[in-house]
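Student: Data file input.cif (mmCIF, C-alpha atoms) is appended below.
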```
data_my_file
loop_
_atom_site.label_atom_id
_atom_site.label_comp_id
_atom_site.auth_asym_id
_atom_site.auth_seq_id
_atom_site.Cartn_x
_atom_site.Cartn_y
_atom_site.Cartn_z
CA MET A 699 -62.92 240.06 182.04
CA ARG A 700 -64.11 237.60 184.53
CA ARG A 701 -64.19 235.00 181.79
CA ARG A 702 -60.62 235.68 180.84
CA ARG A 703 -59.53 235.46 184.44
CA GLY A 704 -61.30 232.16 184.72
CA LEU A 705 -59.42 230.83 181.71
CA GLU A 706 -56.12 232.01 183.09
CA LYS A 707 -56.74 230.17 186.35
CA SER A 708 -57.56 227.00 184.53
CA GLN A 709 -54.49 227.33 182.37
CA ILE A 710 -52.35 227.78 185.44
CA VAL A 711 -53.77 224.62 186.95
CA VAL A 712 -53.05 222.66 183.76
CA PHE A 713 -49.53 224.09 183.68
CA ILE A 714 -48.94 223.02 187.25
CA ILE A 715 -50.21 219.50 186.56
CA LEU A 716 -48.00 219.16 183.46
CA ALA A 717 -45.01 220.49 185.34
CA ALA A 718 -45.60 217.99 188.12
CA ALA A 719 -45.91 215.18 185.59
CA LEU A 720 -42.73 216.32 183.89
CA ILE A 721 -40.92 216.45 187.18
CA GLY A 722 -42.21 212.94 188.01
CA VAL A 723 -41.06 211.56 184.71
CA THR A 724 -37.68 213.19 185.13
CA VAL A 725 -37.27 211.80 188.62
CA TRP A 726 -38.25 208.35 187.40
CA ALA A 727 -35.73 208.54 184.56
CA VAL A 728 -33.01 209.64 186.96
CA LEU A 729 -33.78 206.78 189.26
CA ILE A 730 -33.51 204.33 186.35
CA VAL A 731 -30.15 205.79 185.31
CA VAL A 732 -28.85 205.65 188.83
CA GLU A 733 -29.97 202.07 189.21
CA GLY A 734 -28.27 201.23 185.92
CA PHE A 735 -24.98 202.66 187.15
CA ARG A 736 -25.27 200.66 190.32
CA MET A 737 -25.80 197.45 188.35
CA ASN A 738 -22.82 198.26 186.11
CA GLU A 739 -20.61 198.72 189.12
CA ASN A 740 -21.58 195.27 190.49
CA THR A 741 -21.45 193.40 187.13
CA PRO A 742 -17.99 192.62 185.67
CA PRO A 743 -17.35 193.40 182.06
CA ALA A 744 -18.17 190.71 179.44
CA GLN A 745 -14.50 189.97 178.70
CA GLU A 746 -13.89 189.48 182.41
CA LEU A 747 -16.78 187.05 182.51
CA VAL A 748 -15.27 185.09 179.60
CA ASP A 749 -11.78 185.10 181.17
CA ASN A 750 -13.19 183.93 184.47
CA ALA A 751 -15.10 181.18 182.73
CA LEU A 752 -11.91 179.97 180.98
CA ALA A 753 -9.70 180.29 184.06
CA THR A 754 -12.00 178.43 186.40
CA PRO A 755 -12.66 174.91 185.16
CA SER A 756 -16.07 173.57 185.61
CA PRO A 757 -16.08 170.94 188.26
CA VAL A 758 -15.98 167.44 186.73
CA PRO A 759 -18.52 165.16 188.28
CA THR A 760 -16.85 162.40 190.20
CA VAL A 761 -17.49 158.99 188.60
CA THR A 762 -17.27 156.05 190.90
CA PRO A 763 -15.29 153.42 188.97
CA ILE A 764 -16.91 150.04 188.52
CA PRO A 765 -14.48 147.45 189.77
CA ALA A 766 -13.23 145.23 186.92
CA ALA A 767 -14.22 141.62 187.18
CA SER A 768 -11.35 139.43 188.16
CA PRO A 769 -10.41 137.29 185.14
CA THR A 770 -10.97 133.59 185.52
CA PRO A 771 -7.49 132.11 185.64
CA SER A 772 -6.78 129.81 182.68
CA PRO A 773 -5.74 126.35 183.71
CA THR A 774 -2.04 125.89 183.43
CA PRO A 775 -1.49 123.61 180.43
CA THR A 776 0.22 120.40 181.24
CA PRO A 777 3.37 120.33 179.14
CA GLU A 778 3.43 117.38 176.80
CA PRO A 779 6.38 115.14 177.43
CA THR A 780 9.06 115.34 174.82
CA PRO A 781 8.78 112.14 172.81
CA GLU A 782 11.69 109.84 173.02
CA PRO A 783 13.55 109.65 169.73
CA VAL A 784 12.58 106.53 167.85
CA ASN A 785 15.39 104.12 167.26
CA PRO A 786 15.70 103.88 163.45
CA PHE A 787 15.69 100.08 163.62
CA LEU A 788 12.38 100.08 165.47
CA ALA A 789 10.60 102.50 163.17
CA PHE A 790 8.98 99.82 161.00
CA ALA A 791 5.85 97.77 161.45
CA PHE A 792 7.93 94.62 161.05
CA SER A 793 10.58 95.60 163.63
CA ALA A 794 10.97 93.44 166.73
CA SER A 795 12.26 95.25 169.81
CA GLU A 796 13.78 92.05 171.20
CA LYS A 797 16.06 91.92 168.15
CA LEU A 798 17.37 95.48 168.49
CA GLU A 799 20.85 94.38 169.50
CA MET A 800 21.04 92.05 166.50
CA TYR A 801 19.91 94.87 164.18
CA GLU A 802 22.63 97.14 165.50
CA ARG A 803 25.34 94.51 165.24
CA PHE A 804 24.27 93.51 161.73
CA HIS A 805 24.29 97.14 160.65
CA ALA A 806 27.78 97.56 162.11
CA ARG A 807 28.92 94.75 159.81
CA TYR A 808 27.06 96.14 156.79
CA PRO A 809 26.89 99.92 157.34
CA ASN A 810 25.75 100.62 153.79
CA LEU A 811 22.48 98.76 154.23
CA ALA A 812 19.32 100.79 154.72
CA TYR A 813 17.65 100.41 158.10
CA ASP A 814 14.64 98.56 156.73
CA GLU A 815 16.89 96.12 154.88
CA VAL A 816 18.82 95.44 158.05
CA VAL A 817 15.59 94.72 159.91
CA TRP A 818 14.04 92.34 157.42
CA LYS A 819 17.29 90.44 156.88
CA VAL A 820 17.79 89.88 160.59
CA ASN A 821 14.13 88.85 160.89
CA ALA A 822 14.64 86.36 158.08
CA GLY A 823 17.66 84.78 159.76
CA LEU A 824 20.40 86.40 157.67
CA TYR A 825 22.14 87.62 160.80
CA TYR A 826 24.11 84.39 160.51
CA ALA A 827 25.92 82.99 157.50
CA HIS A 828 24.27 80.26 155.48
CA PHE A 829 23.92 77.08 157.56
CA GLU A 830 25.87 78.68 160.43
CA ASN A 831 23.18 78.65 163.09
CA PRO A 832 19.90 77.43 161.59
CA GLN A 833 16.76 77.49 163.66
CA ILE A 834 14.85 74.22 163.76
CA HIS A 835 11.13 74.34 163.04
CA ASP A 836 9.10 72.92 165.88
CA LEU A 837 7.48 69.61 165.02
CA ALA A 838 4.18 71.14 166.04
CA GLU A 839 4.43 73.41 162.98
CA LEU A 840 2.95 71.16 160.32
CA HIS A 841 3.03 73.77 157.57
CA PRO A 842 6.48 75.39 157.64
CA LEU A 843 6.49 78.23 155.12
CA VAL A 844 10.23 78.87 154.92
CA VAL A 845 12.81 76.09 154.68
CA ASN A 846 16.29 77.32 153.80
CA PRO A 847 19.85 77.59 155.22
CA PHE A 848 18.47 79.59 158.16
CA PHE A 849 15.41 77.49 159.03
CA ARG A 850 15.61 73.72 158.83
CA LEU A 851 13.14 70.96 159.50
CA HIS A 852 13.34 68.53 162.36
CA ASP A 853 14.75 65.13 161.41
CA ASP A 854 11.40 63.59 162.29
CA PHE A 855 9.35 66.03 160.24
CA GLU A 856 6.71 64.67 157.89
CA PRO A 857 4.11 66.63 155.91
CA HIS A 858 0.64 66.68 157.42
CA ALA A 859 -0.63 64.66 154.45
CA LEU A 860 0.57 63.51 151.05
CA VAL A 861 -1.46 62.58 147.98
CA GLN A 862 -0.34 61.21 144.62
CA ILE A 863 -0.55 63.25 141.45
CA PRO A 864 -2.96 61.31 139.19
CA GLY A 865 -1.09 59.25 136.60
CA LEU A 866 2.29 59.91 138.21
CA HIS A 867 4.25 58.39 141.05
CA PHE A 868 4.95 61.80 142.61
CA ARG A 869 3.32 62.95 145.83
CA VAL A 870 2.49 66.39 147.14
CA THR A 871 0.33 67.84 149.90
CA PRO A 872 -3.43 68.03 149.22
CA GLU A 873 -3.51 71.82 148.85
CA THR A 874 -0.55 71.66 146.47
CA LEU A 875 -2.29 69.06 144.34
CA THR A 876 -5.46 71.16 144.12
CA ALA A 877 -3.46 74.17 142.93
CA PHE A 878 -1.36 72.03 140.57
CA ASN A 879 -4.43 70.52 138.91
CA ALA A 880 -5.88 73.99 138.29
CA LYS A 881 -2.57 75.20 136.89
CA ASN A 882 -2.11 72.09 134.76
CA GLU A 883 -5.58 72.50 133.26
CA ALA A 884 -4.94 76.18 132.46
CA ALA A 885 -1.63 75.22 130.83
CA ARG A 886 -3.35 72.66 128.64
CA GLU A 887 -5.90 75.23 127.54
CA ALA A 888 -2.98 77.49 126.60
CA GLY A 889 -1.39 74.66 124.58
CA HIS A 890 1.25 73.53 127.08
CA THR A 891 1.93 70.24 128.81
CA LEU A 892 3.62 70.53 132.17
CA GLN A 893 6.09 67.74 132.91
CA VAL A 894 6.76 67.01 136.57
CA ILE A 895 10.13 65.43 137.36
CA SER A 896 10.43 65.84 141.15
CA THR A 897 8.21 66.59 144.17
CA TYR A 898 8.32 65.28 147.73
CA ARG A 899 11.54 63.80 149.12
CA ASP A 900 11.95 62.70 152.70
CA ILE A 901 14.95 63.75 154.76
CA ALA A 902 16.63 60.31 154.53
CA HIS A 903 16.47 60.44 150.73
CA GLN A 904 17.84 63.98 150.75
CA ARG A 905 20.74 62.90 152.93
CA ARG A 906 21.75 60.26 150.40
CA LEU A 907 21.65 62.81 147.59
CA TRP A 908 23.65 65.33 149.54
CA ASN A 909 26.27 62.80 150.57
CA ALA A 910 26.74 62.02 146.90
CA SER A 911 26.80 65.58 145.59
CA GLY A 912 27.60 67.94 148.47
CA ASP A 913 26.63 71.59 148.83
CA GLY A 914 25.76 73.60 145.78
CA ALA A 915 23.98 71.05 143.64
CA VAL A 916 21.80 69.60 146.40
CA ALA A 917 20.34 71.13 149.56
CA ARG A 918 21.45 69.76 152.89
CA PRO A 919 19.06 67.31 154.54
CA GLY A 920 16.41 69.19 156.50
CA HIS A 921 16.95 72.34 154.44
CA SER A 922 15.17 71.29 151.24
CA GLU A 923 11.70 72.54 150.34
CA HIS A 924 11.01 69.16 148.79
CA HIS A 925 10.59 67.82 152.34
CA THR A 926 7.42 69.93 152.71
CA GLY A 927 5.56 68.30 149.80
CA ARG A 928 4.91 71.74 148.29
CA ALA A 929 7.82 72.00 145.83
CA ILE A 930 7.58 70.83 142.21
CA ASP A 931 10.41 70.63 139.68
CA TYR A 932 9.42 70.76 136.00
CA GLY A 933 11.19 69.15 133.05
CA ASP A 934 11.74 70.47 129.56
CA GLY A 935 10.24 67.40 127.86
CA ALA A 936 13.64 66.23 126.66
CA GLY A 937 14.93 64.62 129.84
CA GLY A 938 16.32 67.79 131.43
CA PHE A 939 15.11 70.50 133.78
CA LEU A 940 12.89 73.26 132.46
CA ASP A 941 14.67 76.58 132.17
CA ILE A 942 12.18 79.41 132.00
CA ARG A 943 15.03 81.76 131.13
CA THR A 944 15.29 80.26 127.65
CA ALA A 945 12.04 81.98 126.69
CA THR A 946 10.31 78.78 125.58
CA PRO A 947 6.52 79.17 125.31
CA MET A 948 5.91 76.85 128.27
CA GLY A 949 8.59 78.56 130.35
CA ARG A 950 7.11 81.99 129.63
CA TRP A 951 3.65 80.75 130.48
CA LEU A 952 4.79 79.34 133.83
CA ALA A 953 6.70 82.51 134.70
CA ASP A 954 3.68 84.66 133.89
CA ASN A 955 0.92 82.52 135.39
CA ALA A 956 2.22 80.41 138.30
CA HIS A 957 1.24 83.10 140.84
CA ARG A 958 -2.40 82.84 139.78
CA PHE A 959 -2.45 79.37 141.34
CA GLY A 960 -0.37 80.13 144.44
CA PHE A 961 3.10 79.14 143.16
CA ILE A 962 6.32 81.14 143.13
CA LEU A 963 9.61 80.65 141.29
CA ARG A 964 11.69 80.05 144.37
CA TYR A 965 15.36 80.32 143.37
CA THR A 966 16.52 82.96 140.90
CA GLU A 967 19.87 84.38 139.90
CA GLU A 968 18.95 87.62 141.67
CA ASN A 969 18.25 86.05 145.07
CA THR A 970 21.04 83.45 145.29
CA HIS A 971 22.91 85.55 147.85
CA ILE A 972 19.79 85.44 150.02
CA THR A 973 18.51 81.90 149.56
CA GLY A 974 21.91 80.22 149.58
CA PHE A 975 20.93 78.08 146.58
CA ILE A 976 21.89 78.33 142.95
CA SER A 977 19.34 79.50 140.45
CA GLU A 978 16.75 76.80 139.74
CA PRO A 979 14.48 78.09 136.97
CA TRP A 980 12.45 74.89 137.18
CA HIS A 981 11.65 74.91 140.92
CA PHE A 982 8.20 76.22 141.90
CA THR A 983 6.85 76.18 145.43
CA TYR A 984 3.26 76.42 146.59
CA VAL A 985 2.82 79.28 149.12
CA GLY A 986 -0.84 80.10 148.58
CA TYR A 987 -2.57 82.67 146.42
CA GLU A 988 -2.12 85.62 148.82
CA ILE A 989 1.64 85.36 149.23
CA ALA A 990 2.27 84.37 145.60
CA ASN A 991 0.43 87.41 144.28
CA ALA A 992 2.03 89.74 146.81
CA MET A 993 5.44 88.57 145.67
CA PHE A 994 4.63 88.66 141.97
CA TYR A 995 3.21 92.20 142.01
CA GLY A 996 5.33 93.53 144.85
CA ALA A 997 9.01 94.35 145.02
CA TYR A 998 9.97 91.27 147.01
CA GLU A 999 13.18 89.70 145.85
CA SER A 1000 12.64 86.43 147.67
CA LEU A 1001 10.38 84.55 150.05
CA GLU A 1002 12.91 85.44 152.75
CA GLU A 1003 12.32 89.13 152.17
CA TYR A 1004 8.57 88.67 152.18
CA THR A 1005 8.57 86.85 155.52
CA GLY A 1006 11.17 89.26 156.94
CA ARG A 1007 8.87 92.19 156.17
CA ASN A 1008 5.70 90.31 157.15
CA PRO A 1009 6.28 88.59 160.49
CA ASP A 1010 2.75 87.16 160.47
CA ALA A 1011 3.27 85.36 157.14
CA GLN A 1012 3.66 81.94 158.74
CA ALA A 1013 0.48 82.32 160.78
CA ARG A 1014 -1.51 83.49 157.75
CA PHE A 1015 -0.16 80.65 155.65
CA THR A 1016 -1.12 78.11 158.31
CA ARG A 1017 -4.65 79.53 158.46
CA HIS A 1018 -4.83 79.29 154.68
CA ILE A 1019 -3.86 75.61 154.71
CA LEU A 1020 -6.28 74.77 157.50
CA ALA A 1021 -9.08 76.47 155.60
CA GLN A 1022 -8.64 74.19 152.58
#
```
What do you get writing this file as structure tokens?
Tutor:
Amino acid sequence: MRRRRGLEKSQIVVFIILAAALIGVTVWAVLIVVEGFRMNENTPPAQELVDNALATPSPVPTVTPIPAASPTPSPTPTPEPTPEPVNPFLAFAFSASEKLEMYERFHARYPNLAYDEVVWKVNAGLYYAHFENPQIHDLAELHPLVVNPFFRLHDDFEPHALVQIPGLHFRVTPETLTAFNAKNEAAREAGHTLQVISTYRDIAHQRRLWNASGDGAVARPGHSEHHTGRAIDYGDGAGGFLDIRTATPMGRWLADNAHRFGFILRYTEENTHITGFISEPWHFTYVGYEIANAMFYGAYESLEEYTGRNPDAQARFTRHILAQ
């Protein structure tokens, strides 16, 4: 019995301990639940947290702007001056500004002429009518390139030198003779014999001829290229003047080859209105290789046009003669 009572006492003690533990656990659980309720009361619902987050923008950090560098001012461009309109008569390399008034007056008389034609014609002396107001070559100019109704020789003019053509009584300048000999030799090789019938004539002789014949057939004294000693007239071998227009073999050869030796056919039917002389298909003038070839292969109608378009022609021709 005592043993049973002892077991009962021990069981009661265990029961009490378990009950106390159970009570402790229960109290602890209650405390946790209570604390949870307290936290729920202080914590807003999840949706409220989201709404608050959307309604209240996050503060944007303030960025201190970096001041922009001041642009370097571009230099103000200097406006280019508006070019003055070029007078159409002065637009050519061979124009002469001091002759502008003459260009304009000449064009007023001949309005259908192109500007370049006006310029070269005035340059060449065609502003005036034939023999109206001829300029006189200075005596210091020993090698006058152009002798015509617009440019005459001084009464005291004489060529710088004259030499006789071998076997003939005709005289020419030394440079003309050199070119003539070369041309004559080439003609012989081609089967032709050149017959010379006139070369140098002085002004006194020309005056006698002109007094006898008048204008048209003979140039006025001082206006003939024969005074220069560089002009040669050729005959046809039968006592008359050679006419290269008749298509004789010698005439064709001269027409095709004279430029090779510095000669030009000076007076043609096409340039009579310029030169003031009738066509002379026998009259060849020495002007040097450069000018003769430029005229033969170029579109120059006359020596007047060539010199009108090339104001330095006289100077170049003089240098050519002095270099002989």
Student: Need the shell around stretch 796-813 of chain A: protein/DNA/RNA residues with any atom at most 7 Å away, counting all atoms listed in the file. Skip same-chain ones fewer than 5 positions apart. Format as a list in words?
Tutor: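 Contacts, in chain order: Pro786, Phe787, Val820 and Tyr825 of chain A.
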Student: Residues near A:Val985, anyone? I mean within 8 Å using all atoms listed in the file, not counting same-chain ones fewer than 4 positions away, as a list of chain:residue names.
Tutor: A:Leu843, A:Arg928, A:Gly960, A:Phe961, A:Ile962, A:Ile989, A:Ala990, A:Phe1015
Student: May I ask for the distance between atom CA of A:Asp934 and atom CA of A:Gln893, given in Å to one decimal place?
Tutor: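 For atom CA of A:Asp934 relative to atom CA of A:Gln893, the distance reads 7.1 Å.
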Student: Find the residue from A:Phe975, A:Phe868, A:Tyr1004, A:Tyr987 that sits nearest to A:Lys819; use all atoms listed in the file when measuring.
Tutor: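 That would be A:Tyr1004, the residue with the smallest distance to A:Lys819.
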Student: Quick one: pull the distance between atom CA of A:Ser1000 and atom CA of A:Ile972, Å, one decimal.
Tutor: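 A separation of 7.6 Å between them.
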Student: Have a look at atom CA of A:Gly937 and atom CA of A:Tyr898 and let me know their distance in Å, one decimal.
Tutor: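 These two atoms are separated by 19.1 Å.
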Student: Measuring between only C-alpha atoms, which one of A:Phe848, A:Asn991, A:Asp836, A:Arg1007 shows the shortest distance to A:Val816?
Tutor: A:Arg1007
Student: Env of A:Ala929: 6 Å cut, atoms = only C-alpha atoms, seq-sep filter 4 positions within chain, self excluded. Answer as a list in words.
Tutor: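 Counting only the stated atoms, we get Thr897, Glu923, His924, Phe982 and Thr983 of chain A.
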Student: Report the centre and edge lengths, in Å to one decimal, of an axis-aligned box enclosing every atom of stretch 875-884 of chain A listed in the file, padded by 8 Å on each side, as AutoDock Vina command-line options.
Tutor:
```
--center_x -3.6 --center_y 72.6 --center_z 138.4 --size_x 20.5 --size_y 23.1 --size_z 27.9
```
Student: Of the residues A:Glu988, A:Glu883, A:Asp814, A:Glu967, which is the one nearest to A:Arg1014, using only C-alpha atoms?
Tutor: A:Glu988
Student: Residues picked by the PyMOL selection byres ((chain A and resi 965) around 6) here, as a list of chain:residue names?
Tutor: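 Checking the PyMOL selection byres ((chain A and resi 965) around 6) against this file, the residues are A:Arg964, A:Thr966, A:Ser977, A:Glu978.
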Student: Could you tell me which residues the PyMOL selection byres ((chain A and resi 844-847) around 10) returns for this structure, as a VMD selection string?
Tutor: chain A and resid 822 to 824 826 to 835 841 to 843 848 to 851 917 to 918 920 to 926 972 to 975 985 1001 to 1002 1005 1011 to 1012
Student: Please determine, counting all atoms listed in the file, which residue among A:Lys881, A:Thr891, A:Met948, A:Thr970 has the shortest atom-to-atom distance to A:Gly914.
Tutor: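 Going through A:Lys881, A:Thr891, A:Met948, A:Thr970 one by one, the smallest distance to A:Gly914 is for A:Thr970.
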